[in-house]
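Structure below is model.cif: mmCIF, C-alpha atoms.
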```
data_start
#
loop_
_atom_site.label_atom_id
_atom_site.label_comp_id
_atom_site.auth_asym_id
_atom_site.auth_seq_id
_atom_site.Cartn_x
_atom_site.Cartn_y
_atom_site.Cartn_z
CA LEU A 29 16.34 97.74 125.84
CA PHE A 30 17.39 98.95 122.39
CA GLY A 31 19.01 101.97 124.00
CA ILE A 32 20.84 99.82 126.56
CA ARG A 33 22.31 97.76 123.73
CA GLY A 34 23.65 100.92 122.12
CA VAL A 35 25.16 102.16 125.39
CA ALA A 36 26.81 98.78 125.94
CA ALA A 37 28.33 98.85 122.45
CA TYR A 38 29.85 102.30 122.97
CA ALA A 39 31.02 101.38 126.47
CA ASP A 40 32.77 98.32 125.07
CA HIS A 41 34.50 100.34 122.34
CA ALA A 42 35.66 102.79 125.03
CA GLN A 43 36.85 100.03 127.35
CA ILE A 44 39.05 98.60 124.57
CA LEU A 45 40.86 101.95 124.62
CA GLY A 46 41.20 101.94 128.41
CA GLN A 47 38.24 104.19 129.24
CA ARG A 48 36.06 102.77 132.03
CA ASP A 49 33.34 104.10 134.33
CA GLU A 50 31.97 101.98 137.16
CA GLY A 51 28.89 104.21 137.51
CA LEU A 52 28.01 103.49 133.88
CA TYR A 53 28.30 99.75 134.42
CA ALA A 54 26.18 99.96 137.58
CA PHE A 55 23.46 101.82 135.70
CA LEU A 56 23.35 99.15 133.00
CA HIS A 57 22.63 96.58 135.72
CA GLU A 58 19.95 98.84 137.18
CA ALA A 59 18.32 99.42 133.80
CA LEU A 60 18.36 95.73 132.86
CA ALA A 61 16.73 94.85 136.19
CA ALA A 62 13.81 97.24 135.60
CA GLY A 63 10.62 95.25 135.20
CA TRP A 64 11.93 92.48 137.44
CA ASP A 65 12.91 94.60 140.44
CA GLY A 66 9.44 94.78 141.99
CA VAL A 67 9.03 98.51 141.23
CA GLN A 68 5.72 99.48 139.64
CA ARG A 69 6.28 102.12 136.96
CA ASP A 70 3.80 104.21 135.00
CA LEU A 71 4.46 105.62 131.53
CA GLY A 72 6.24 108.67 132.91
CA ALA A 73 8.60 106.53 134.99
CA TRP A 74 9.45 104.26 132.05
CA VAL A 75 10.13 107.26 129.82
CA GLY A 76 12.23 108.73 132.62
CA LEU A 77 14.29 105.56 132.74
CA SER A 78 14.71 105.69 128.96
CA LEU A 79 15.95 109.27 129.22
CA LYS A 80 18.40 108.11 131.86
CA VAL A 81 19.66 105.61 129.29
CA GLY A 82 20.23 108.66 127.07
CA GLU A 83 22.10 110.41 129.89
CA TYR A 84 24.45 107.48 130.37
CA ASN A 85 24.86 107.06 126.62
CA LEU A 86 26.25 110.60 126.55
CA LYS A 87 28.77 109.47 129.17
CA ALA A 88 29.64 106.38 127.10
CA MET A 89 30.17 108.48 123.97
CA GLU A 90 32.30 110.92 125.98
CA LEU A 91 34.46 108.02 127.18
CA LEU A 92 34.84 106.68 123.64
CA ASP A 93 35.68 110.14 122.31
CA ALA A 94 38.36 110.48 125.00
CA GLY A 95 39.75 107.07 124.05
CA ASN A 96 39.83 107.82 120.33
CA THR A 97 41.19 111.36 120.50
CA GLY A 98 43.51 110.65 123.43
CA THR A 99 45.11 107.77 121.54
CA TYR A 100 44.98 108.89 117.91
CA GLY A 101 44.65 112.70 118.14
CA HIS A 102 41.77 114.99 117.21
CA PRO A 103 40.53 114.53 113.61
CA THR A 104 41.56 117.20 111.12
CA PRO A 105 40.00 117.94 107.71
CA THR A 106 41.38 115.37 105.29
CA LYS A 107 40.62 114.46 101.69
CA VAL A 108 40.16 110.71 101.23
CA PRO A 109 40.61 109.12 97.77
CA LEU A 110 37.66 107.08 96.50
CA GLY A 111 39.75 105.42 93.81
CA HIS A 112 42.61 102.97 94.18
CA ARG A 113 46.22 102.49 93.22
CA ARG A 114 48.10 99.49 91.87
CA ASN A 115 49.10 97.42 94.89
CA LYS A 116 48.06 94.59 97.18
CA CYS A 117 45.23 95.63 99.47
CA ILE A 118 43.17 94.95 102.61
CA LEU A 119 39.70 96.37 103.34
CA VAL A 120 38.68 97.24 106.92
CA SER A 121 35.01 97.69 107.85
CA GLY A 122 33.23 98.36 111.13
CA HIS A 123 34.16 100.98 113.73
CA ASP A 124 37.25 99.97 115.73
CA LEU A 125 40.24 102.34 115.54
CA LYS A 126 42.56 100.13 117.59
CA ASP A 127 42.12 97.18 115.21
CA LEU A 128 42.89 99.47 112.27
CA HIS A 129 45.99 100.86 113.97
CA MET A 130 47.35 97.37 114.73
CA LEU A 131 46.77 96.32 111.13
CA LEU A 132 48.52 99.45 109.83
CA GLU A 133 51.51 98.76 112.05
CA GLN A 134 51.73 95.12 110.95
CA THR A 135 51.51 95.93 107.22
CA LYS A 136 54.23 98.61 107.15
CA GLY A 137 56.72 97.93 104.37
CA LYS A 138 54.85 94.89 103.06
CA GLY A 139 53.54 96.43 99.84
CA ILE A 140 49.93 96.36 101.00
CA ASP A 141 47.55 99.33 101.00
CA ILE A 142 44.79 99.61 103.60
CA TYR A 143 41.32 100.83 102.56
CA THR A 144 38.32 101.65 104.71
CA HIS A 145 34.71 100.65 104.21
CA GLY A 146 31.49 101.94 105.81
CA GLU A 147 31.85 103.67 109.17
CA MET A 148 35.65 103.38 109.03
CA LEU A 149 35.76 106.28 106.54
CA PRO A 150 36.18 108.98 109.26
CA THR A 151 39.32 107.26 110.60
CA HIS A 152 41.30 108.92 107.79
CA GLY A 153 41.08 112.18 109.74
CA TYR A 154 42.96 110.96 112.85
CA PRO A 155 46.61 112.18 112.87
CA GLU A 156 48.07 108.97 114.32
CA LEU A 157 46.35 106.87 111.65
CA LYS A 158 46.79 109.01 108.56
CA LYS A 159 50.55 109.25 109.08
CA PHE A 160 50.86 105.75 107.56
CA ASP A 161 51.73 106.11 103.85
CA HIS A 162 49.92 102.88 102.96
CA PHE A 163 46.62 104.02 104.53
CA HIS A 164 45.30 104.92 101.12
CA GLY A 165 41.59 105.47 100.61
CA HIS A 166 37.97 104.42 100.94
CA PHE A 167 36.14 101.66 99.09
CA GLY A 168 32.36 101.20 98.86
CA THR A 169 29.52 102.69 100.83
CA ALA A 170 27.29 101.54 103.69
CA TRP A 171 26.99 98.15 105.41
CA GLN A 172 23.88 96.98 103.56
CA ASN A 173 25.71 97.08 100.21
CA GLN A 174 28.48 94.64 101.16
CA HIS A 175 27.02 91.78 99.09
CA LYS A 176 27.44 93.96 96.00
CA GLU A 177 30.73 95.61 96.94
CA PHE A 178 32.84 92.95 98.69
CA PRO A 179 32.98 90.55 95.69
CA THR A 180 34.74 93.27 93.66
CA PHE A 181 37.46 94.00 96.23
CA PRO A 182 40.68 92.17 95.18
CA GLY A 183 41.98 91.60 98.72
CA PRO A 184 40.85 90.28 102.10
CA ILE A 185 38.22 92.03 104.21
CA VAL A 186 38.35 92.52 107.99
CA MET A 187 35.11 93.15 109.89
CA THR A 188 35.97 94.85 113.19
CA THR A 189 32.53 95.28 114.73
CA ASN A 190 28.89 94.61 113.87
CA CYS A 191 27.21 95.14 110.48
CA ILE A 192 28.33 91.85 108.91
CA GLN A 193 25.91 90.10 106.56
CA LYS A 194 26.05 86.42 105.63
CA PRO A 195 29.22 86.16 103.50
CA GLN A 196 28.60 85.26 99.87
CA GLY A 197 30.48 82.63 97.89
CA ALA A 198 32.31 85.22 95.83
CA TYR A 199 34.27 86.46 98.86
CA GLU A 200 33.64 84.01 101.73
CA LYS A 201 37.26 82.77 101.58
CA ASN A 202 38.53 86.35 101.85
CA ILE A 203 36.66 87.65 104.89
CA PHE A 204 37.88 87.71 108.50
CA THR A 205 36.28 88.94 111.71
CA THR A 206 37.71 90.24 114.96
CA GLY A 207 36.38 91.47 118.29
CA LEU A 208 32.72 90.85 119.06
CA VAL A 209 31.62 90.28 115.47
CA GLY A 210 31.63 86.76 114.05
CA TRP A 211 30.02 84.40 111.58
CA PRO A 212 30.01 80.59 111.50
CA GLY A 213 32.86 79.32 109.35
CA VAL A 214 34.56 82.72 109.08
CA PRO A 215 38.05 82.84 110.66
CA SER A 216 38.37 85.26 113.57
CA VAL A 217 41.49 87.14 114.67
CA PRO A 218 41.69 86.80 118.48
CA ALA A 219 43.20 89.17 121.00
CA ASP A 220 45.76 88.13 123.60
CA ALA A 221 45.52 89.02 127.28
CA ARG A 222 46.77 92.55 126.55
CA GLY A 223 44.39 93.13 123.65
CA ASN A 224 47.02 92.71 120.94
CA LYS A 225 46.11 90.88 117.73
CA ASP A 226 48.13 89.04 115.10
CA PHE A 227 46.79 89.81 111.62
CA SER A 228 49.36 87.61 109.83
CA ALA A 229 46.63 85.35 108.36
CA VAL A 230 44.97 88.40 106.80
CA ILE A 231 48.32 89.65 105.49
CA ARG A 232 49.12 86.27 103.93
CA ARG A 233 45.75 86.26 102.17
CA ALA A 234 46.43 89.79 100.84
CA GLN A 235 49.75 88.65 99.44
CA GLU A 236 48.08 85.67 97.74
CA MET A 237 45.36 87.75 96.11
CA PRO A 238 45.90 89.94 93.03
CA GLY A 239 45.22 93.30 94.61
CA PHE A 240 44.49 96.26 92.37
CA THR A 241 46.27 95.92 89.03
CA ASP A 242 45.78 99.52 87.87
CA ASP A 243 45.44 103.07 89.16
CA GLN A 244 42.00 104.64 89.28
CA ASP A 245 41.17 108.24 90.17
CA LYS A 246 37.58 108.64 91.35
CA GLY A 247 38.08 111.91 93.19
CA GLY A 248 37.74 112.11 96.94
CA VAL A 249 35.64 113.19 99.90
CA MET A 250 36.45 115.33 102.91
CA VAL A 251 36.32 113.95 106.46
CA GLY A 252 37.59 115.16 109.82
CA PHE A 253 35.12 117.89 110.77
CA ALA A 254 34.78 116.81 114.39
CA ARG A 255 34.28 119.37 117.13
CA ASN A 256 37.88 120.63 117.33
CA ALA A 257 38.03 121.25 113.59
CA VAL A 258 34.66 123.03 113.46
CA LEU A 259 35.13 125.04 116.64
CA GLY A 260 38.59 126.02 115.39
CA VAL A 261 36.81 128.10 112.73
CA ALA A 262 33.85 129.00 114.95
CA ASP A 263 34.49 132.70 114.43
CA LYS A 264 33.98 132.28 110.66
CA VAL A 265 30.86 130.21 111.23
CA ILE A 266 29.37 132.74 113.65
CA GLU A 267 30.16 135.64 111.32
CA ALA A 268 28.60 133.78 108.37
CA VAL A 269 25.40 133.27 110.38
CA LYS A 270 25.29 136.89 111.53
CA SER A 271 25.88 138.19 108.00
CA GLY A 272 23.18 135.92 106.58
CA ALA A 273 25.62 133.89 104.46
CA ILE A 274 24.54 130.81 106.42
CA ARG A 275 20.79 130.73 106.94
CA HIS A 276 20.42 127.33 108.58
CA PHE A 277 22.22 124.16 109.66
CA PHE A 278 20.83 120.67 109.10
CA LEU A 279 22.13 117.63 110.94
CA VAL A 280 21.25 114.87 108.47
CA ALA A 281 22.56 111.79 110.19
CA GLY A 282 21.94 108.29 111.43
CA CYS A 283 21.92 104.69 110.24
CA ASP A 284 21.35 103.47 106.72
CA GLY A 285 19.34 100.48 105.57
CA ALA A 286 18.14 98.65 102.48
CA LYS A 287 14.38 99.19 102.63
CA PRO A 288 12.77 101.84 100.40
CA GLY A 289 12.24 105.36 101.73
CA ARG A 290 15.81 106.28 102.56
CA ASN A 291 16.33 108.13 99.28
CA TYR A 292 14.50 110.90 101.17
CA TYR A 293 17.82 111.85 102.77
CA THR A 294 19.59 112.15 99.43
CA GLU A 295 16.85 114.37 98.05
CA PHE A 296 16.75 116.45 101.23
CA VAL A 297 20.47 117.23 100.99
CA GLU A 298 20.28 117.92 97.25
CA LYS A 299 17.33 120.28 97.69
CA ALA A 300 18.64 122.13 100.75
CA PRO A 301 19.26 125.77 99.70
CA LYS A 302 22.80 126.88 98.94
CA ASP A 303 22.86 129.13 102.00
CA THR A 304 22.48 126.14 104.33
CA VAL A 305 25.10 123.80 105.79
CA ILE A 306 24.74 120.02 106.12
CA LEU A 307 26.34 118.36 109.14
CA THR A 308 26.42 114.58 108.89
CA LEU A 309 27.65 111.49 110.69
CA ALA A 310 27.17 107.70 110.80
CA CYS A 311 26.54 105.48 107.79
CA GLY A 312 23.40 107.33 106.68
CA LYS A 313 25.76 109.81 105.01
CA PHE A 314 26.58 107.32 102.27
CA ARG A 315 23.35 108.38 100.61
CA PHE A 316 25.08 111.69 99.74
CA PHE A 317 28.68 111.68 101.07
CA ASP A 318 30.29 112.10 97.63
CA LYS A 319 28.16 115.02 96.43
CA ASP A 320 29.89 118.35 95.85
CA LEU A 321 27.68 120.89 97.60
CA GLY A 322 30.15 123.74 97.24
CA THR A 323 31.28 126.15 99.95
CA ILE A 324 30.11 129.17 101.93
CA GLY A 325 32.85 131.67 102.67
CA GLY A 326 35.46 128.98 102.13
CA LEU A 327 33.71 126.51 104.44
CA PRO A 328 32.39 123.27 102.87
CA ARG A 329 28.60 123.04 102.88
CA LEU A 330 28.88 119.33 103.71
CA LEU A 331 30.72 118.63 106.97
CA ASP A 332 31.38 115.00 107.90
CA ILE A 333 31.61 114.88 111.70
CA GLY A 334 32.43 111.17 111.83
CA GLN A 335 31.07 107.83 113.00
CA CYS A 336 27.75 107.31 114.77
CA ASN A 337 29.43 107.71 118.18
CA ASP A 338 30.71 111.10 117.01
CA ALA A 339 27.23 112.41 117.74
CA TYR A 340 29.13 113.52 120.85
CA SER A 341 31.06 115.96 118.66
CA ALA A 342 27.84 117.20 117.04
CA ILE A 343 26.36 117.84 120.47
CA GLN A 344 29.48 119.75 121.58
CA ILE A 345 29.34 121.87 118.40
CA ALA A 346 25.68 122.69 119.02
CA VAL A 347 26.31 123.57 122.68
CA ALA A 348 29.27 125.81 121.76
CA LEU A 349 27.24 127.64 119.09
CA SER A 350 24.32 128.11 121.48
CA LYS A 351 26.67 129.71 124.01
CA ALA A 352 28.21 131.93 121.33
CA PHE A 353 24.79 133.20 120.26
CA GLY A 354 23.43 133.38 123.80
CA VAL A 355 20.46 131.12 123.09
CA GLY A 356 19.39 127.59 123.89
CA VAL A 357 20.20 124.78 121.48
CA ASN A 358 16.54 124.62 120.42
CA GLU A 359 16.70 128.30 119.41
CA LEU A 360 19.65 127.80 117.06
CA PRO A 361 19.06 127.82 113.29
CA LEU A 362 19.64 124.05 113.46
CA SER A 363 17.29 121.21 112.51
CA MET A 364 17.89 117.50 113.06
CA VAL A 365 16.71 115.12 110.35
CA LEU A 366 17.67 111.65 111.54
CA SER A 367 17.46 108.10 110.21
CA TRP A 368 17.35 105.18 112.59
CA TYR A 369 17.92 101.47 112.13
CA GLU A 370 19.37 99.79 115.20
CA GLN A 371 20.30 100.16 118.84
CA LYS A 372 23.08 102.75 118.56
CA ALA A 373 20.75 105.15 116.73
CA VAL A 374 18.10 104.60 119.41
CA ALA A 375 20.64 105.32 122.16
CA ILE A 376 21.66 108.57 120.44
CA LEU A 377 18.01 109.60 120.04
CA LEU A 378 17.51 109.03 123.78
CA THR A 379 20.58 111.19 124.46
CA LEU A 380 19.12 114.05 122.39
CA LEU A 381 15.81 113.74 124.27
CA HIS A 382 17.69 113.69 127.59
CA LEU A 383 19.30 116.97 126.56
CA GLY A 384 15.88 118.45 125.85
CA ILE A 385 16.32 118.67 122.08
CA THR A 386 12.94 119.18 120.39
CA ASN A 387 11.50 119.17 116.85
CA ILE A 388 13.53 116.17 115.68
CA ARG A 389 12.42 114.64 112.40
CA LEU A 390 12.83 110.88 112.38
CA GLY A 391 12.57 108.38 109.53
CA PRO A 392 12.09 106.65 107.29
CA THR A 393 9.38 105.46 109.71
CA LEU A 394 8.90 105.75 113.44
CA PRO A 395 10.19 102.67 115.32
CA ALA A 396 7.53 99.94 115.35
CA PHE A 397 8.21 99.19 119.02
CA LEU A 398 6.86 102.61 120.06
CA THR A 399 3.32 102.19 121.38
CA PRO A 400 0.71 104.88 120.60
CA ASN A 401 0.95 106.14 124.19
CA VAL A 402 4.72 106.57 123.96
CA VAL A 403 4.46 108.27 120.55
CA ASP A 404 1.87 110.68 121.99
CA PHE A 405 4.18 111.44 124.91
CA LEU A 406 7.13 112.16 122.60
CA VAL A 407 5.02 114.34 120.32
CA GLN A 408 3.54 116.35 123.17
CA ASN A 409 6.79 116.82 125.10
CA TYR A 410 9.43 116.92 122.35
CA ASN A 411 7.46 117.57 119.16
CA ILE A 412 9.19 114.59 117.56
CA LYS A 413 7.72 113.90 114.14
CA PRO A 414 8.10 111.51 111.21
CA ILE A 415 9.66 112.77 107.99
CA THR A 416 7.24 113.55 105.14
CA THR A 417 8.79 114.67 101.84
CA PRO A 418 11.97 116.74 101.41
CA ASP A 419 10.02 119.65 99.89
CA GLN A 420 7.39 119.67 102.63
CA ASP A 421 9.92 119.36 105.44
CA LEU A 422 12.21 122.05 104.03
CA GLU A 423 9.27 124.42 103.67
CA ALA A 424 8.10 123.65 107.21
CA ILE A 425 11.57 124.39 108.59
CA LEU A 426 12.63 127.34 106.44
CA GLY A 427 9.34 128.79 105.23
CA ALA A 428 8.01 129.31 101.73
CA GLN A 429 11.38 130.55 100.50
CA ALA A 430 12.89 127.10 101.22
CA VAL A 431 13.54 126.13 97.63
CA ALA A 432 14.46 129.61 96.41
#
```

The structure in this file should be written as C-alpha cells.
Amino acid sequence: LFGIRGVAAYADHAQILGQRDEGLYAFLHEALAAGWDGVQRDLGAWVGLSLKVGEYNLKAMELLDAGNTGTYGHPTPTKVPLGHRRNKCILVSGHDLKDLHMLLEQTKGKGIDIYTHGEMLPTHGYPELKKFDHFHGHFGTAWQNQHKEFPTFPGPIVMTTNCIQKPQGAYEKNIFTTGLVGWPGVPSVPADARGNKDFSAVIRRAQEMPGFTDDQDKGGVMVGFARNAVLGVADKVIEAVKSGAIRHFFLVAGCDGAKPGRNYYTEFVEKAPKDTVILTLACGKFRFFDKDLGTIGGLPRLLDIGQCNDAYSAIQIAVALSKAFGVGVNELPLSMVLSWYEQKAVAILLTLLHLGITNIRLGPTLPAFLTPNVVDFLVQNYNIKPITTPDQDLEAILGAQAVA
C-alpha cells in the first residue's frame, strides 16, 4: 500500500505533463483490490505483488522523466547560488516543474526573483527553466526544517506538492498551496480546465513584502548530473575506474526526516575515501549537499542526480555502466546506502528489488510495517540490511583500507 501511494504520486506528476499509461492505471486497480478479490496469497505471492508495484513504479518514473525532459530539456550541470540578491522574492517548494514554469513566466519583468526550496533545487539544471534571468538561487534545506527556515524568507512561499507542515504564525499569511497539497485556511491557487494557473495573488503578496534588502554571497552547489550529463562523460568515468582513480561509487540517497539517526548519512559521505564518488538524489542529500568533496580527474566527487523520481536516472546510469564493463549491476563497484521516510521512497525500494538489486543498506531503521517473515525473506533473497555506523559499513563495503 505504501508503494502504491508512491506510484500514484509519480503517475499524477507525469499526467500533469501529458504522460499517461492505461496499463499503469489498470494495475493500480488490481493492486488495490488485492486482499478483497477472493484470491488466497501466501508470503511469496504478496512479495511478488509488491515487486510488481516496483515494476510499475519504474514505468511511472519513466513517464515522469519523459514529461520533464520532453518539456524542459535534459538537465545540465549548473551552479546554483545559495545566497540572495537585493530584490523582491518568491520561494517555491515541492516537486512540480510545471507550476514553477508558470510562475516564472508570470513574474517576468516584475522585479521579483524566484528561489527554490527542498526538492525543487534540481530544477535549476533544466534548460527551459534556467533561461529565466530572475530564476536566481536556492534557499533552505529539506522539508522538515520549514518551521525554522520559512519565517526568515522575506517573500511568499508556494507549496507545489506534499511535504507541507502546519504553517506557523510567523509566515502563515505568506504561504500558498497549489495542486494536491493543501492546508485548512491556506489559500490555494487552482488550475483551470487546461491546467493553467493564475499566480497573481502570490505576485501581489511578493510586491507587498520587503524582499531581500541586501546582497549575500554564500557560495553555491552543483546540480544537473542526470543520466544524460553523466553518460555524456561516461568515457572519462570508465577510464577513471579502470585506472583505479575511482575505486567505488556510493548512491547515498532517499528521504530526510527529523528524528535522530540521520546524521549517519552526513558522516558516511564525509568519511568516504577520496577515491570514491557519491551519487545522490532526493531530499536526503540536504544532510551534505553543500560540502566540497573535491574532484577526481576533473569530475566532481558529489553528483546530484536530482529529485526522488530521478532514481530513474540513477538506474539508467547503473545499467549503462554495467553494460560498459560487461557485468551485472550487482557486480559494479557501486553500493546503495538509502534513507526512507514515506511512500515514494518505498516505491523506489520496490523498484530496485524488482530489478534484482542486492546488498542495499537501508536506514535509519527498517520500516516498522515489515513483519519478521518479510524481513527474513528480504534478507535471504536480496541481502537487504540496516545501516550500522559509517565506519563499520565503509569497512564492510571497501575492506580494511576503507578509511585510508

Residue with smallest distance to Leu259 of chain A - pool A:Gln335, A:Val347, A:Ala221, A:Gly183, counting all atoms listed in the file: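 Checking each of A:Gln335, A:Val347, A:Ala221, A:Gly183 against Leu259 of chain A, counting all atoms listed in the file, the winner is A:Val347.
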
Exactly which residues make up the result of the PyMOL selection byres ((chain A and resi 284) around 10) on this file, given as number ranges by chain? A: 170-172, 281-283, 285-287, 290, 293, 310-315, 367-370, 392

Output of the above residues as a PDB file, in the coordinates of the input, restricted to C-alpha atoms:
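Output contents, as saved in part28.pdb:
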```pdb
ATOM      1  CA  ALA A 170      27.290 101.540 103.690  1.00  0.00           C
ATOM      2  CA  TRP A 171      26.990  98.150 105.410  1.00  0.00           C
ATOM      3  CA  GLN A 172      23.880  96.980 103.560  1.00  0.00           C
ATOM      4  CA  ALA A 281      22.560 111.790 110.190  1.00  0.00           C
ATOM      5  CA  GLY A 282      21.940 108.290 111.430  1.00  0.00           C
ATOM      6  CA  CYS A 283      21.920 104.690 110.240  1.00  0.00           C
ATOM      7  CA  GLY A 285      19.340 100.480 105.570  1.00  0.00           C
ATOM      8  CA  ALA A 286      18.140  98.650 102.480  1.00  0.00           C
ATOM      9  CA  LYS A 287      14.380  99.190 102.630  1.00  0.00           C
ATOM     10  CA  ARG A 290      15.810 106.280 102.560  1.00  0.00           C
ATOM     11  CA  TYR A 293      17.820 111.850 102.770  1.00  0.00           C
ATOM     12  CA  ALA A 310      27.170 107.700 110.800  1.00  0.00           C
ATOM     13  CA  CYS A 311      26.540 105.480 107.790  1.00  0.00           C
ATOM     14  CA  GLY A 312      23.400 107.330 106.680  1.00  0.00           C
ATOM     15  CA  LYS A 313      25.760 109.810 105.010  1.00  0.00           C
ATOM     16  CA  PHE A 314      26.580 107.320 102.270  1.00  0.00           C
ATOM     17  CA  ARG A 315      23.350 108.380 100.610  1.00  0.00           C
ATOM     18  CA  SER A 367      17.460 108.100 110.210  1.00  0.00           C
ATOM     19  CA  TRP A 368      17.350 105.180 112.590  1.00  0.00           C
ATOM     20  CA  TYR A 369      17.920 101.470 112.130  1.00  0.00           C
ATOM     21  CA  GLU A 370      19.370  99.790 115.200  1.00  0.00           C
ATOM     22  CA  PRO A 392      12.090 106.650 107.290  1.00  0.00           C
TER      23      PRO A 392
END
```

Selected residue, from A:Val258, A:Ala352, A:Leu45, A:Leu327, that lies nearest to Gly223 of chain A when counting all atoms listed in the file: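 Residue with the minimum atom-to-atom distance to Gly223 of chain A: A:Leu45.
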
Near segment 158-168 of chain A, counting all atoms listed in the file, which residues have an atom at most 7 Å away, once you skip same-chain residues fewer than 3 positions from it, shown as a list in words? Val108, Pro109, Leu110, His112, Ile140, Asp141, Ile142, Tyr143, Thr144, His145, Leu149, His152, Gly153, Tyr154, Pro155 and Glu177 of chain A

Using all atoms of segment 146-151 of chain A listed in the file and a margin of 8 Å per side, can you give the axis-aligned box centre and edge lengths in Å to one decimal, as AutoDock Vina command-line options?
```
--center_x 35.4 --center_y 105.5 --center_z 108.2 --size_x 23.8 --size_y 23.0 --size_z 20.8
```

Please return segment 136-154 of chain A, rebuilt to N, CA and C atoms, as a PDB file, in the coordinates of the input.
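File produced: part.pdb:
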```pdb
ATOM      1  N   LYS A 136      53.201  97.650 107.592  1.00  0.00           N
ATOM      2  CA  LYS A 136      54.230  98.610 107.150  1.00  0.00           C
ATOM      3  C   LYS A 136      55.314  97.889 106.344  1.00  0.00           C
ATOM      4  N   GLY A 137      55.642  98.458 105.176  1.00  0.00           N
ATOM      5  CA  GLY A 137      56.720  97.930 104.370  1.00  0.00           C
ATOM      6  C   GLY A 137      56.439  96.616 103.675  1.00  0.00           C
ATOM      7  N   LYS A 138      55.193  96.175 103.664  1.00  0.00           N
ATOM      8  CA  LYS A 138      54.850  94.890 103.060  1.00  0.00           C
ATOM      9  C   LYS A 138      54.197  95.027 101.682  1.00  0.00           C
ATOM     10  N   GLY A 139      54.128  96.250 101.163  1.00  0.00           N
ATOM     11  CA  GLY A 139      53.540  96.430  99.840  1.00  0.00           C
ATOM     12  C   GLY A 139      52.046  96.192  99.806  1.00  0.00           C
ATOM     13  N   ILE A 140      51.379  96.546 100.896  1.00  0.00           N
ATOM     14  CA  ILE A 140      49.930  96.360 101.000  1.00  0.00           C
ATOM     15  C   ILE A 140      49.292  97.682 101.404  1.00  0.00           C
ATOM     16  N   ASP A 141      48.297  98.125 100.632  1.00  0.00           N
ATOM     17  CA  ASP A 141      47.550  99.330 101.000  1.00  0.00           C
ATOM     18  C   ASP A 141      46.319  98.953 101.818  1.00  0.00           C
ATOM     19  N   ILE A 142      45.969  99.823 102.762  1.00  0.00           N
ATOM     20  CA  ILE A 142      44.790  99.610 103.600  1.00  0.00           C
ATOM     21  C   ILE A 142      43.698 100.585 103.152  1.00  0.00           C
ATOM     22  N   TYR A 143      42.496 100.042 102.936  1.00  0.00           N
ATOM     23  CA  TYR A 143      41.320 100.830 102.560  1.00  0.00           C
ATOM     24  C   TYR A 143      40.255 100.683 103.634  1.00  0.00           C
ATOM     25  N   THR A 144      39.435 101.714 103.771  1.00  0.00           N
ATOM     26  CA  THR A 144      38.320 101.650 104.710  1.00  0.00           C
ATOM     27  C   THR A 144      37.015 101.386 103.976  1.00  0.00           C
ATOM     28  N   HIS A 145      36.054 100.880 104.732  1.00  0.00           N
ATOM     29  CA  HIS A 145      34.710 100.650 104.210  1.00  0.00           C
ATOM     30  C   HIS A 145      33.721 101.079 105.286  1.00  0.00           C
ATOM     31  N   GLY A 146      32.556 101.597 104.865  1.00  0.00           N
ATOM     32  CA  GLY A 146      31.490 101.940 105.810  1.00  0.00           C
ATOM     33  C   GLY A 146      31.936 102.971 106.830  1.00  0.00           C
ATOM     34  N   GLU A 147      31.604 102.698 108.103  1.00  0.00           N
ATOM     35  CA  GLU A 147      31.850 103.670 109.170  1.00  0.00           C
ATOM     36  C   GLU A 147      33.334 103.877 109.482  1.00  0.00           C
ATOM     37  N   MET A 148      34.218 103.147 108.823  1.00  0.00           N
ATOM     38  CA  MET A 148      35.650 103.380 109.030  1.00  0.00           C
ATOM     39  C   MET A 148      36.153 104.596 108.252  1.00  0.00           C
ATOM     40  N   LEU A 149      35.346 105.123 107.337  1.00  0.00           N
ATOM     41  CA  LEU A 149      35.760 106.280 106.540  1.00  0.00           C
ATOM     42  C   LEU A 149      36.325 107.415 107.392  1.00  0.00           C
ATOM     43  N   PRO A 150      35.665 107.833 108.500  1.00  0.00           N
ATOM     44  CA  PRO A 150      36.180 108.980 109.260  1.00  0.00           C
ATOM     45  C   PRO A 150      37.546 108.759 109.894  1.00  0.00           C
ATOM     46  N   THR A 151      38.020 107.506 109.959  1.00  0.00           N
ATOM     47  CA  THR A 151      39.320 107.260 110.600  1.00  0.00           C
ATOM     48  C   THR A 151      40.466 107.915 109.837  1.00  0.00           C
ATOM     49  N   HIS A 152      40.253 108.267 108.574  1.00  0.00           N
ATOM     50  CA  HIS A 152      41.300 108.920 107.790  1.00  0.00           C
ATOM     51  C   HIS A 152      41.658 110.295 108.352  1.00  0.00           C
ATOM     52  N   GLY A 153      40.809 110.857 109.200  1.00  0.00           N
ATOM     53  CA  GLY A 153      41.080 112.180 109.740  1.00  0.00           C
ATOM     54  C   GLY A 153      41.940 112.188 110.990  1.00  0.00           C
ATOM     55  N   TYR A 154      42.190 111.011 111.598  1.00  0.00           N
ATOM     56  CA  TYR A 154      42.960 110.960 112.850  1.00  0.00           C
ATOM     57  C   TYR A 154      44.463 111.031 112.557  1.00  0.00           C
TER      58      TYR A 154
END
```
